[in-house]
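Engineer: One file is attached below, my_file-v2.cif, containing mmCIF, C-alpha atoms, pLDDT in the B column; chains and numbers go by the auth columns.
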data_work
#
loop_
_atom_site.group_PDB
_atom_site.id
_atom_site.type_symbol
_atom_site.label_atom_id
_atom_site.label_comp_id
_atom_site.label_asym_id
_atom_site.label_seq_id
_atom_site.Cartn_x
_atom_site.Cartn_y
_atom_site.Cartn_z
_atom_site.B_iso_or_equiv
_atom_site.auth_seq_id
_atom_site.auth_asym_id
ATOM 1 C CA MET A 1 0.000 0.000 0.000 51.00 1239 A
ATOM 2 C CA THR A 2 1.450 3.353 -1.043 58.00 1240 A
ATOM 3 C CA ALA A 3 1.633 6.385 1.214 60.00 1241 A
ATOM 4 C CA ILE A 4 -1.133 8.439 -0.463 59.00 1242 A
ATOM 5 C CA PRO A 5 -3.905 5.787 -0.274 65.00 1243 A
ATOM 6 C CA ALA A 6 -2.839 5.062 3.300 65.00 1244 A
ATOM 7 C CA MET A 7 -3.163 8.742 4.214 71.00 1245 A
ATOM 8 C CA ARG A 8 -6.637 8.819 2.647 75.00 1246 A
ATOM 9 C CA ARG A 9 -7.682 6.144 5.113 87.00 1247 A
ATOM 10 C CA ILE A 10 -6.939 8.586 7.941 93.00 1248 A
ATOM 11 C CA SER A 11 -7.751 11.830 6.119 94.00 1249 A
ATOM 12 C CA LEU A 12 -10.333 13.114 8.626 96.00 1250 A
ATOM 13 C CA THR A 13 -7.936 12.617 11.530 97.00 1251 A
ATOM 14 C CA LEU A 14 -5.204 14.478 9.678 96.00 1252 A
ATOM 15 C CA PHE A 15 -7.631 17.296 8.823 97.00 1253 A
ATOM 16 C CA LEU A 16 -8.846 17.660 12.416 98.00 1254 A
ATOM 17 C CA THR A 17 -5.271 17.550 13.691 97.00 1255 A
ATOM 18 C CA GLY A 18 -4.381 20.363 11.315 97.00 1256 A
ATOM 19 C CA CYS A 19 -7.389 22.357 12.522 97.00 1257 A
ATOM 20 C CA ALA A 20 -6.232 22.111 16.130 97.00 1258 A
ATOM 21 C CA LEU A 21 -2.711 23.220 15.215 97.00 1259 A
ATOM 22 C CA GLY A 22 -3.944 26.107 13.095 96.00 1260 A
ATOM 23 C CA LEU A 23 -6.493 27.342 15.633 96.00 1261 A
ATOM 24 C CA HIS A 24 -3.926 27.338 18.424 95.00 1262 A
ATOM 25 C CA PHE A 25 -2.063 30.131 16.638 93.00 1263 A
ATOM 26 C CA ALA A 26 -5.134 31.894 15.234 94.00 1264 A
ATOM 27 C CA ASP A 27 -5.819 34.329 18.052 88.00 1265 A
ATOM 28 C CA GLY A 28 -8.548 36.091 16.107 91.00 1266 A
ATOM 29 C CA LEU A 29 -10.650 32.940 15.703 92.00 1267 A
ATOM 30 C CA GLN A 30 -10.360 31.620 19.239 94.00 1268 A
ATOM 31 C CA PRO A 31 -12.905 33.991 20.866 92.00 1269 A
ATOM 32 C CA ARG A 32 -15.472 32.983 18.229 94.00 1270 A
ATOM 33 C CA LEU A 33 -14.952 29.257 18.701 96.00 1271 A
ATOM 34 C CA ALA A 34 -14.248 28.906 22.441 96.00 1272 A
ATOM 35 C CA LEU A 35 -17.104 27.696 24.620 97.00 1273 A
ATOM 36 C CA GLN A 36 -17.967 30.186 27.366 96.00 1274 A
ATOM 37 C CA PHE A 37 -20.999 28.802 29.181 96.00 1275 A
ATOM 38 C CA HIS A 38 -22.561 32.182 29.953 93.00 1276 A
ATOM 39 C CA GLU A 39 -22.165 33.342 26.329 94.00 1277 A
ATOM 40 C CA LEU A 40 -23.704 30.291 24.640 94.00 1278 A
ATOM 41 C CA SER A 41 -26.749 31.091 22.494 94.00 1279 A
ATOM 42 C CA VAL A 42 -28.496 29.943 19.331 91.00 1280 A
ATOM 43 C CA ASN A 43 -26.219 32.213 17.310 93.00 1281 A
ATOM 44 C CA ASN A 44 -23.013 30.570 18.519 95.00 1282 A
ATOM 45 C CA VAL A 45 -24.098 27.011 19.311 96.00 1283 A
ATOM 46 C CA HIS A 46 -21.254 25.790 17.080 96.00 1284 A
ATOM 47 C CA ARG A 47 -18.936 26.494 20.033 97.00 1285 A
ATOM 48 C CA VAL A 48 -20.158 23.270 21.673 97.00 1286 A
ATOM 49 C CA VAL A 49 -18.197 21.355 19.026 97.00 1287 A
ATOM 50 C CA THR A 50 -15.412 23.735 18.047 97.00 1288 A
ATOM 51 C CA CYS A 51 -14.183 24.206 21.630 98.00 1289 A
ATOM 52 C CA HIS A 52 -12.521 20.786 21.562 98.00 1290 A
ATOM 53 C CA TRP A 53 -9.994 21.990 18.994 97.00 1291 A
ATOM 54 C CA LEU A 54 -8.879 24.897 21.176 97.00 1292 A
ATOM 55 C CA HIS A 55 -6.368 24.523 24.013 96.00 1293 A
ATOM 56 C CA TRP A 56 -5.200 26.563 26.970 93.00 1294 A
ATOM 57 C CA SER A 57 -1.453 26.129 26.449 92.00 1295 A
ATOM 58 C CA ALA A 58 1.160 24.534 24.205 93.00 1296 A
ATOM 59 C CA ASP A 59 1.610 21.681 26.700 92.00 1297 A
ATOM 60 C CA HIS A 60 -2.145 21.062 26.741 93.00 1298 A
ATOM 61 C CA LEU A 61 -2.206 21.067 22.923 95.00 1299 A
ATOM 62 C CA ILE A 62 0.723 18.675 22.505 95.00 1300 A
ATOM 63 C CA TRP A 63 -0.602 16.063 24.928 94.00 1301 A
ATOM 64 C CA ASP A 64 -4.116 16.134 23.526 96.00 1302 A
ATOM 65 C CA LEU A 65 -3.106 16.248 19.884 97.00 1303 A
ATOM 66 C CA VAL A 66 -0.525 13.460 19.953 97.00 1304 A
ATOM 67 C CA VAL A 67 -3.068 11.124 21.571 97.00 1305 A
ATOM 68 C CA PHE A 68 -5.843 12.253 19.218 98.00 1306 A
ATOM 69 C CA THR A 69 -3.725 11.751 16.102 97.00 1307 A
ATOM 70 C CA VAL A 70 -2.563 8.253 17.081 97.00 1308 A
ATOM 71 C CA LEU A 71 -5.907 6.956 18.375 97.00 1309 A
ATOM 72 C CA GLY A 72 -7.887 8.768 15.692 97.00 1310 A
ATOM 73 C CA ALA A 73 -5.793 7.253 12.906 97.00 1311 A
ATOM 74 C CA MET A 74 -6.171 3.765 14.373 95.00 1312 A
ATOM 75 C CA CYS A 75 -9.933 4.100 14.821 95.00 1313 A
ATOM 76 C CA GLU A 76 -10.547 5.753 11.436 95.00 1314 A
ATOM 77 C CA TRP A 77 -8.483 3.072 9.682 93.00 1315 A
ATOM 78 C CA ARG A 78 -10.466 0.319 11.384 91.00 1316 A
ATOM 79 C CA SER A 79 -13.986 1.708 10.883 90.00 1317 A
ATOM 80 C CA PHE A 80 -14.718 5.172 9.548 92.00 1318 A
ATOM 81 C CA ARG A 81 -18.384 4.986 10.583 91.00 1319 A
ATOM 82 C CA SER A 82 -17.642 4.110 14.206 92.00 1320 A
ATOM 83 C CA TYR A 83 -14.896 6.732 14.297 96.00 1321 A
ATOM 84 C CA LEU A 84 -17.173 9.442 12.935 96.00 1322 A
ATOM 85 C CA TRP A 85 -20.011 8.614 15.336 95.00 1323 A
ATOM 86 C CA THR A 86 -17.651 8.560 18.300 96.00 1324 A
ATOM 87 C CA VAL A 87 -16.093 11.927 17.458 98.00 1325 A
ATOM 88 C CA LEU A 88 -19.467 13.572 16.778 97.00 1326 A
ATOM 89 C CA LEU A 89 -21.243 12.197 19.845 97.00 1327 A
ATOM 90 C CA SER A 90 -18.388 12.932 22.232 98.00 1328 A
ATOM 91 C CA ALA A 91 -17.852 16.406 20.774 98.00 1329 A
ATOM 92 C CA ILE A 92 -21.506 17.300 21.367 98.00 1330 A
ATOM 93 C CA VAL A 93 -22.356 15.422 24.566 98.00 1331 A
ATOM 94 C CA ILE A 94 -19.213 16.147 26.623 98.00 1332 A
ATOM 95 C CA PRO A 95 -19.551 19.959 26.766 98.00 1333 A
ATOM 96 C CA LEU A 96 -23.282 19.703 27.447 97.00 1334 A
ATOM 97 C CA CYS A 97 -22.650 17.370 30.391 98.00 1335 A
ATOM 98 C CA VAL A 98 -19.917 19.643 31.739 97.00 1336 A
ATOM 99 C CA MET A 99 -22.212 22.664 31.419 97.00 1337 A
ATOM 100 C CA HIS A 100 -25.012 20.830 33.240 96.00 1338 A
ATOM 101 C CA TRP A 101 -23.066 19.236 36.087 97.00 1339 A
ATOM 102 C CA LEU A 102 -20.127 21.657 36.434 96.00 1340 A
ATOM 103 C CA PRO A 103 -21.507 25.119 35.609 94.00 1341 A
ATOM 104 C CA GLN A 104 -18.955 26.667 37.968 95.00 1342 A
ATOM 105 C CA VAL A 105 -16.206 25.786 35.478 93.00 1343 A
ATOM 106 C CA GLY A 106 -17.555 28.447 33.114 94.00 1344 A
ATOM 107 C CA SER A 107 -15.681 27.423 29.940 96.00 1345 A
ATOM 108 C CA TYR A 108 -14.311 24.360 28.223 97.00 1346 A
ATOM 109 C CA ARG A 109 -11.487 23.589 25.804 97.00 1347 A
ATOM 110 C CA GLY A 110 -9.456 20.552 24.767 97.00 1348 A
ATOM 111 C CA LEU A 111 -9.533 17.175 23.033 97.00 1349 A
ATOM 112 C CA SER A 112 -8.905 14.969 26.070 96.00 1350 A
ATOM 113 C CA GLY A 113 -12.559 13.934 26.356 98.00 1351 A
ATOM 114 C CA VAL A 114 -12.662 12.992 22.671 98.00 1352 A
ATOM 115 C CA ASP A 115 -9.314 11.221 23.119 98.00 1353 A
ATOM 116 C CA THR A 116 -10.816 9.123 25.902 98.00 1354 A
ATOM 117 C CA ALA A 117 -13.808 8.309 23.706 98.00 1355 A
ATOM 118 C CA LEU A 118 -11.496 7.091 20.929 98.00 1356 A
ATOM 119 C CA PHE A 119 -9.539 4.950 23.374 98.00 1357 A
ATOM 120 C CA GLY A 120 -12.816 3.462 24.604 97.00 1358 A
ATOM 121 C CA LEU A 121 -13.855 2.785 21.000 96.00 1359 A
ATOM 122 C CA LEU A 122 -10.567 1.043 20.301 95.00 1360 A
ATOM 123 C CA ILE A 123 -10.916 -1.154 23.398 94.00 1361 A
ATOM 124 C CA SER A 124 -14.549 -2.069 22.753 93.00 1362 A
ATOM 125 C CA GLY A 125 -13.739 -2.823 19.112 90.00 1363 A
ATOM 126 C CA LEU A 126 -10.970 -5.191 20.216 90.00 1364 A
ATOM 127 C CA LEU A 127 -13.304 -6.818 22.725 90.00 1365 A
ATOM 128 C CA VAL A 128 -16.094 -7.338 20.172 87.00 1366 A
ATOM 129 C CA ARG A 129 -13.698 -8.799 17.620 86.00 1367 A
ATOM 130 C CA SER A 130 -12.141 -11.078 20.241 89.00 1368 A
ATOM 131 C CA ILE A 131 -15.569 -12.361 21.297 87.00 1369 A
ATOM 132 C CA LYS A 132 -16.589 -13.010 17.680 84.00 1370 A
ATOM 133 C CA GLU A 133 -13.328 -14.874 16.999 89.00 1371 A
ATOM 134 C CA ARG A 134 -13.267 -16.555 20.432 92.00 1372 A
ATOM 135 C CA ASP A 135 -9.829 -15.063 20.979 94.00 1373 A
ATOM 136 C CA TRP A 136 -9.271 -15.449 24.722 95.00 1374 A
ATOM 137 C CA SER A 137 -5.995 -13.523 24.763 95.00 1375 A
ATOM 138 C CA GLY A 138 -7.700 -10.616 22.980 92.00 1376 A
ATOM 139 C CA MET A 139 -10.543 -10.708 25.501 93.00 1377 A
ATOM 140 C CA LEU A 140 -8.055 -10.651 28.371 96.00 1378 A
ATOM 141 C CA LEU A 141 -6.096 -7.770 26.842 95.00 1379 A
ATOM 142 C CA SER A 142 -9.199 -5.672 26.175 93.00 1380 A
ATOM 143 C CA GLY A 143 -10.434 -6.441 29.692 94.00 1381 A
ATOM 144 C CA LEU A 144 -7.155 -5.185 31.167 97.00 1382 A
ATOM 145 C CA PHE A 145 -7.380 -2.017 29.074 96.00 1383 A
ATOM 146 C CA LEU A 146 -10.939 -1.444 30.288 95.00 1384 A
ATOM 147 C CA ILE A 147 -9.834 -1.861 33.903 96.00 1385 A
ATOM 148 C CA GLY A 148 -6.941 0.537 33.298 97.00 1386 A
ATOM 149 C CA LEU A 149 -9.219 3.128 31.718 97.00 1387 A
ATOM 150 C CA SER A 150 -11.751 2.819 34.533 97.00 1388 A
ATOM 151 C CA GLY A 151 -9.006 3.130 37.149 97.00 1389 A
ATOM 152 C CA LYS A 152 -7.515 6.222 35.495 96.00 1390 A
ATOM 153 C CA ILE A 153 -10.885 7.995 35.300 97.00 1391 A
ATOM 154 C CA THR A 154 -11.752 7.012 38.882 97.00 1392 A
ATOM 155 C CA MET A 155 -8.459 8.391 40.202 96.00 1393 A
ATOM 156 C CA GLU A 156 -9.001 11.624 38.271 95.00 1394 A
ATOM 157 C CA MET A 157 -12.553 11.994 39.561 95.00 1395 A
ATOM 158 C CA ILE A 158 -11.394 11.487 43.151 95.00 1396 A
ATOM 159 C CA SER A 159 -8.311 13.710 42.959 92.00 1397 A
ATOM 160 C CA HIS A 160 -9.804 16.302 40.571 89.00 1398 A
ATOM 161 C CA THR A 161 -6.653 16.203 38.468 89.00 1399 A
ATOM 162 C CA ASN A 162 -5.483 15.024 35.048 87.00 1400 A
ATOM 163 C CA ILE A 163 -3.050 12.145 35.392 85.00 1401 A
ATOM 164 C CA PHE A 164 -0.990 12.786 32.245 80.00 1402 A
ATOM 165 C CA VAL A 165 -1.170 16.579 31.970 78.00 1403 A
ATOM 166 C CA ASN A 166 0.250 18.690 34.794 74.00 1404 A
ATOM 167 C CA ASP A 167 -0.688 22.180 33.630 77.00 1405 A
ATOM 168 C CA THR A 168 -1.858 24.852 36.055 78.00 1406 A
ATOM 169 C CA SER A 169 -3.167 27.147 33.299 80.00 1407 A
ATOM 170 C CA PHE A 170 -6.588 25.460 33.369 88.00 1408 A
ATOM 171 C CA VAL A 171 -8.892 23.541 35.699 89.00 1409 A
ATOM 172 C CA PRO A 172 -8.990 19.762 35.045 92.00 1410 A
ATOM 173 C CA VAL A 173 -12.410 18.366 34.093 95.00 1411 A
ATOM 174 C CA PRO A 174 -12.334 14.573 34.699 96.00 1412 A
ATOM 175 C CA LEU A 175 -16.076 14.431 33.988 97.00 1413 A
ATOM 176 C CA ALA A 176 -15.227 14.955 30.309 98.00 1414 A
ATOM 177 C CA HIS A 177 -13.094 11.806 30.379 98.00 1415 A
ATOM 178 C CA LEU A 178 -15.862 9.824 32.072 98.00 1416 A
ATOM 179 C CA VAL A 179 -18.474 10.867 29.525 98.00 1417 A
ATOM 180 C CA GLY A 180 -16.075 10.320 26.633 98.00 1418 A
ATOM 181 C CA GLY A 181 -15.101 6.880 27.892 97.00 1419 A
ATOM 182 C CA ILE A 182 -18.739 5.806 28.178 97.00 1420 A
ATOM 183 C CA ILE A 183 -19.516 7.005 24.648 97.00 1421 A
ATOM 184 C CA GLY A 184 -16.475 5.307 23.142 96.00 1422 A
ATOM 185 C CA VAL A 185 -16.968 1.983 24.915 95.00 1423 A
ATOM 186 C CA ALA A 186 -20.647 1.925 23.902 92.00 1424 A
ATOM 187 C CA THR A 187 -20.058 2.732 20.228 90.00 1425 A
ATOM 188 C CA GLY A 188 -18.130 -0.422 19.286 80.00 1426 A
ATOM 189 C CA PRO A 189 -20.722 -2.953 20.528 80.00 1427 A
ATOM 190 C CA GLY A 190 -23.451 -0.664 19.191 72.00 1428 A
ATOM 191 C CA GLU A 191 -22.172 -1.005 15.628 68.00 1429 A
ATOM 192 C CA TRP A 192 -21.848 -4.772 16.091 64.00 1430 A
ATOM 193 C CA LEU A 193 -25.474 -5.024 17.213 64.00 1431 A
ATOM 194 C CA VAL A 194 -26.629 -2.915 14.269 59.00 1432 A
ATOM 195 C CA SER A 195 -24.790 -5.211 11.855 58.00 1433 A
ATOM 196 C CA ILE A 196 -26.423 -8.251 13.471 56.00 1434 A
ATOM 197 C CA LEU A 197 -29.894 -6.706 13.196 55.00 1435 A
ATOM 198 C CA ARG A 198 -29.301 -5.794 9.560 59.00 1436 A
ATOM 199 C CA GLY A 199 -28.182 -9.346 8.874 56.00 1437 A
ATOM 200 C CA GLN A 200 -31.370 -10.682 10.428 50.00 1438 A
ATOM 201 C CA GLU A 201 -33.460 -8.299 8.351 47.00 1439 A
ATOM 202 C CA ARG A 202 -31.779 -9.485 5.153 52.00 1440 A
ATOM 203 C CA GLY A 203 -32.370 -13.083 6.195 49.00 1441 A
ATOM 204 C CA LYS A 204 -36.144 -12.638 6.485 46.00 1442 A
#
What is this structure when it is put down as structure tokens?
Structural biologist:
Amino acid sequence: MTAIPAMRRISLTLFLTGCALGLHFADGLQPRLALQFHELSVNNVHRVVTCHWLHWSADHLIWDLVVFTVLGAMCEWRSFRSYLWTVLLSAIVIPLCVMHWLPQVGSYRGLSGVDTALFGLLISGLLVRSIKERDWSGMLLSGLFLIGLSGKITMEMISHTNIFVNDTSFVPVPLAHLVGGIIGVATGPGEWLVSILRGQERGK
């Protein structure tokens, strides 16, 4: 497989990665795209989604973007439909949950919640495939990853910190990781169930 077709398989991830890099240095666009809870209205509802591609600092950007690019490429390569649904759902639902349960935060930026959703999608996809193929080692590995993800989010929720990013320029929001993880883990089995139901419909 040549480089260009391979890059097409991960084209959306590359595009979104480029958006995050460009927006970090586009000071004029940031106020229009950042999510400020008290400023949200029908006229700027797009901020619910665009805020994920804005970051508070270079350190915040690097951590989020490296993880997003790697996990996004892996998920998009495996199943574009699952990848797209996971990114869209997490991008919309995460800020709404943060606004509802943590209104004192006031604003939201960053891809870490979407990153967690993609990691959850990758794990659940591995688990579903392992179950279908009766691959016990794959089931064990995906189970360990699920335990690790759950433990990380639990520790963050208890300590109110981000485990991998130590940046005092913003307030950590572990709730975003919890919501993202739930969305990602649910998306993989969801697609599997849809494919089963479609197969049954064709068989009738």
Engineer: When the PyMOL selection byres ((chain A and resi 1326) around 12) is applied to the structure above, which residues does it catch, written out as a VMD selection string?
Structural biologist: chain A and resid 1286 to 1288 1290 1319 to 1325 1327 to 1333 1351 to 1352 1355 to 1356 1418 1421 to 1422 1425
Engineer: Counting only C-alpha atoms, which residue out of A:Leu1359, A:Pro1269, A:Asn1404, A:Arg1372 sits closest to Gly1428 of chain A?
Structural biologist: A:Leu1359
Engineer: Within 10 Å of Pro1341 of chain A, counting all atoms listed in the file, which residues qualify if same-chain residues fewer than 6 places away don't, as a ChimeraX atom specification?
Structural biologist: /A:1275-1276,1334-1335
Engineer: Write the selection just made, keeping C-alpha atoms, as a PDB file, keeping the file's coordinate frame?
Structural biologist:
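Saved as part.pdb:
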ATOM      1  CA  PHE A1275     -20.999  28.802  29.181  1.00 96.00           C
ATOM      2  CA  HIS A1276     -22.561  32.182  29.953  1.00 93.00           C
ATOM      3  CA  LEU A1334     -23.282  19.703  27.447  1.00 97.00           C
ATOM      4  CA  CYS A1335     -22.650  17.370  30.391  1.00 98.00           C
TER       5      CYS A1335
END
Engineer: Apply the PyMOL selection byres ((chain A and resi 1390-1395) around 10) to the displayed file and report the matching residues as a JSON list (two decimals) with C-alpha atoms, keeping the file's coordinate frame.
Structural biologist:
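Below you can see part-v8.json, which holds the result:
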[["chain", "number", "residue", "atom", "x", "y", "z"],
["A", 1354, "THR", "CA", -10.82, 9.12, 25.90],
["A", 1384, "LEU", "CA", -10.94, -1.44, 30.29],
["A", 1385, "ILE", "CA", -9.83, -1.86, 33.90],
["A", 1386, "GLY", "CA", -6.94, 0.54, 33.30],
["A", 1387, "LEU", "CA", -9.22, 3.13, 31.72],
["A", 1388, "SER", "CA", -11.75, 2.82, 34.53],
["A", 1389, "GLY", "CA", -9.01, 3.13, 37.15],
["A", 1396, "ILE", "CA", -11.39, 11.49, 43.15],
["A", 1397, "SER", "CA", -8.31, 13.71, 42.96],
["A", 1398, "HIS", "CA", -9.80, 16.30, 40.57],
["A", 1399, "THR", "CA", -6.65, 16.20, 38.47],
["A", 1400, "ASN", "CA", -5.48, 15.02, 35.05],
["A", 1401, "ILE", "CA", -3.05, 12.14, 35.39],
["A", 1402, "PHE", "CA", -0.99, 12.79, 32.24],
["A", 1410, "PRO", "CA", -8.99, 19.76, 35.04],
["A", 1411, "VAL", "CA", -12.41, 18.37, 34.09],
["A", 1412, "PRO", "CA", -12.33, 14.57, 34.70],
["A", 1413, "LEU", "CA", -16.08, 14.43, 33.99],
["A", 1414, "ALA", "CA", -15.23, 14.96, 30.31],
["A", 1415, "HIS", "CA", -13.09, 11.81, 30.38],
["A", 1416, "LEU", "CA", -15.86, 9.82, 32.07],
["A", 1417, "VAL", "CA", -18.47, 10.87, 29.52],
["A", 1419, "GLY", "CA", -15.10, 6.88, 27.89]]
Engineer: Kindly extract all protein, DNA and RNA residues lying within 7 Å of the coordinates (-5.0, 14.0, 15.1) given in the file, considering only C-alpha atoms, and supply them as an NGL selection string.
Structural biologist: :A and (1251-1252 or 1254-1255 or 1303-1304 or 1306-1308 or 1310)
Engineer: Grab the atom CA of Cys1257 of chain A to atom CA of Ser1350 of chain A distance for me, in Å with one decimal place.
Structural biologist: 15.5 Å
Engineer: Can you translate the PyMOL selection byres ((chain A and resi 1426) around 9) into the concrete residues it hits in this file, as a count of residues only?
Structural biologist: 19
Engineer: Extending 4 Å beyond the listed atoms of segment 1245-1255 of chain A on each side, what axis-aligned box results? I want centre and edge lengths in Å to one decimal, as AutoDock Vina command-line options.
Structural biologist:
--center_x -6.7 --center_y 11.9 --center_z 8.2 --size_x 15.2 --size_y 19.5 --size_z 19.0
Engineer: How many Å lie between atom CA of Ser1249 of chain A and atom CA of Asp1297 of chain A, rounded to one decimal?
Structural biologist: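 Computing the Euclidean distance for atom CA of Ser1249 of chain A and atom CA of Asp1297 of chain A yields 24.7 Å.
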Engineer: For atom CA of Ser1317 of chain A and atom CA of Ile1300 of chain A, determine how far apart the two atoms are, in Å to one decimal place.
Structural biologist: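 Separation between atom CA of Ser1317 of chain A and atom CA of Ile1300 of chain A: 25.3 Å.
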Engineer: Would you mind listing what lies within 7 Å of Leu1273 of chain A as a list in words, with only C-alpha atoms counted and same-chain residues fewer than 6 positions away left out?
Structural biologist: Arg1285, Val1286, Cys1289, Ser1345 and Tyr1346 of chain A
Engineer: Could you write out the selected residues, including C-alpha atoms, as an mmCIF file, in the frame of the given file?
Structural biologist:
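Ended up saving to part28.cif:
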data_model
loop_
_atom_site.group_PDB
_atom_site.id
_atom_site.type_symbol
_atom_site.label_atom_id
_atom_site.label_comp_id
_atom_site.auth_asym_id
_atom_site.auth_seq_id
_atom_site.Cartn_x
_atom_site.Cartn_y
_atom_site.Cartn_z
ATOM 1 C CA ARG A 1285 -18.936 26.494 20.033
ATOM 2 C CA VAL A 1286 -20.158 23.270 21.673
ATOM 3 C CA CYS A 1289 -14.183 24.206 21.630
ATOM 4 C CA SER A 1345 -15.681 27.423 29.940
ATOM 5 C CA TYR A 1346 -14.311 24.360 28.223
#
Engineer: Since the input lacks atoms, please generate all heavy atoms for segment 1370-1377 of chain A and provide them as an mmCIF file, in the frame of the given file.
Structural biologist:
data_model
loop_
_atom_site.group_PDB
_atom_site.id
_atom_site.type_symbol
_atom_site.label_atom_id
_atom_site.label_comp_id
_atom_site.auth_asym_id
_atom_site.auth_seq_id
_atom_site.Cartn_x
_atom_site.Cartn_y
_atom_site.Cartn_z
ATOM 1 N N LYS A 1370 -16.127 -12.394 18.925
ATOM 2 C CA LYS A 1370 -16.589 -13.010 17.680
ATOM 3 C C LYS A 1370 -15.637 -14.116 17.235
ATOM 4 O O LYS A 1370 -16.068 -15.148 16.715
ATOM 5 C CB LYS A 1370 -16.717 -11.945 16.587
ATOM 6 C CG LYS A 1370 -17.872 -10.976 16.801
ATOM 7 C CD LYS A 1370 -17.778 -9.781 15.879
ATOM 8 C CE LYS A 1370 -17.952 -10.147 14.437
ATOM 9 N NZ LYS A 1370 -17.949 -8.949 13.556
ATOM 10 N N GLU A 1371 -14.334 -13.897 17.439
ATOM 11 C CA GLU A 1371 -13.328 -14.874 16.999
ATOM 12 C C GLU A 1371 -12.944 -15.854 18.100
ATOM 13 O O GLU A 1371 -12.080 -16.693 17.895
ATOM 14 C CB GLU A 1371 -12.080 -14.130 16.512
ATOM 15 C CG GLU A 1371 -12.340 -13.234 15.305
ATOM 16 C CD GLU A 1371 -11.123 -12.433 14.893
ATOM 17 O OE1 GLU A 1371 -10.085 -12.537 15.604
ATOM 18 O OE2 GLU A 1371 -11.191 -11.717 13.880
ATOM 19 N N ARG A 1372 -13.587 -15.717 19.258
ATOM 20 C CA ARG A 1372 -13.267 -16.555 20.432
ATOM 21 C C ARG A 1372 -11.774 -16.507 20.750
ATOM 22 O O ARG A 1372 -11.128 -17.526 21.048
ATOM 23 C CB ARG A 1372 -13.722 -17.995 20.193
ATOM 24 C CG ARG A 1372 -15.232 -18.118 20.031
ATOM 25 C CD ARG A 1372 -15.671 -19.544 19.877
ATOM 26 N NE ARG A 1372 -17.117 -19.627 19.721
ATOM 27 C CZ ARG A 1372 -17.791 -20.772 19.574
ATOM 28 N NH1 ARG A 1372 -17.132 -21.933 19.573
ATOM 29 N NH2 ARG A 1372 -19.103 -20.759 19.433
ATOM 30 N N ASP A 1373 -11.241 -15.314 20.694
ATOM 31 C CA ASP A 1373 -9.829 -15.063 20.979
ATOM 32 C C ASP A 1373 -9.699 -14.702 22.457
ATOM 33 O O ASP A 1373 -9.935 -13.563 22.854
ATOM 34 C CB ASP A 1373 -9.321 -13.933 20.084
ATOM 35 C CG ASP A 1373 -7.863 -13.573 20.354
ATOM 36 O OD1 ASP A 1373 -7.212 -14.281 21.152
ATOM 37 O OD2 ASP A 1373 -7.389 -12.573 19.777
ATOM 38 N N TRP A 1374 -9.309 -15.666 23.284
ATOM 39 C CA TRP A 1374 -9.271 -15.449 24.722
ATOM 40 C C TRP A 1374 -8.186 -14.456 25.127
ATOM 41 O O TRP A 1374 -8.370 -13.670 26.060
ATOM 42 C CB TRP A 1374 -9.060 -16.791 25.434
ATOM 43 C CG TRP A 1374 -10.185 -17.742 25.192
ATOM 44 C CD1 TRP A 1374 -10.181 -18.835 24.370
ATOM 45 C CD2 TRP A 1374 -11.502 -17.661 25.752
ATOM 46 N NE1 TRP A 1374 -11.412 -19.452 24.382
ATOM 47 C CE2 TRP A 1374 -12.242 -18.754 25.222
ATOM 48 C CE3 TRP A 1374 -12.133 -16.783 26.638
ATOM 49 C CZ2 TRP A 1374 -13.574 -18.984 25.556
ATOM 50 C CZ3 TRP A 1374 -13.462 -17.021 26.971
ATOM 51 C CH2 TRP A 1374 -14.173 -18.100 26.440
ATOM 52 N N SER A 1375 -7.053 -14.477 24.433
ATOM 53 C CA SER A 1375 -5.995 -13.523 24.763
ATOM 54 C C SER A 1375 -6.440 -12.092 24.438
ATOM 55 O O SER A 1375 -6.135 -11.150 25.179
ATOM 56 C CB SER A 1375 -4.714 -13.866 24.005
ATOM 57 O OG SER A 1375 -4.927 -13.820 22.601
ATOM 58 N N GLY A 1376 -7.177 -11.935 23.333
ATOM 59 C CA GLY A 1376 -7.700 -10.616 22.980
ATOM 60 C C GLY A 1376 -8.722 -10.139 23.999
ATOM 61 O O GLY A 1376 -8.766 -8.952 24.345
ATOM 62 N N MET A 1377 -9.558 -11.062 24.472
ATOM 63 C CA MET A 1377 -10.543 -10.708 25.501
ATOM 64 C C MET A 1377 -9.846 -10.266 26.781
ATOM 65 O O MET A 1377 -10.251 -9.285 27.421
ATOM 66 C CB MET A 1377 -11.459 -11.900 25.801
ATOM 67 C CG MET A 1377 -12.398 -12.284 24.702
ATOM 68 S SD MET A 1377 -13.502 -13.612 25.241
ATOM 69 C CE MET A 1377 -13.711 -14.500 23.698
#
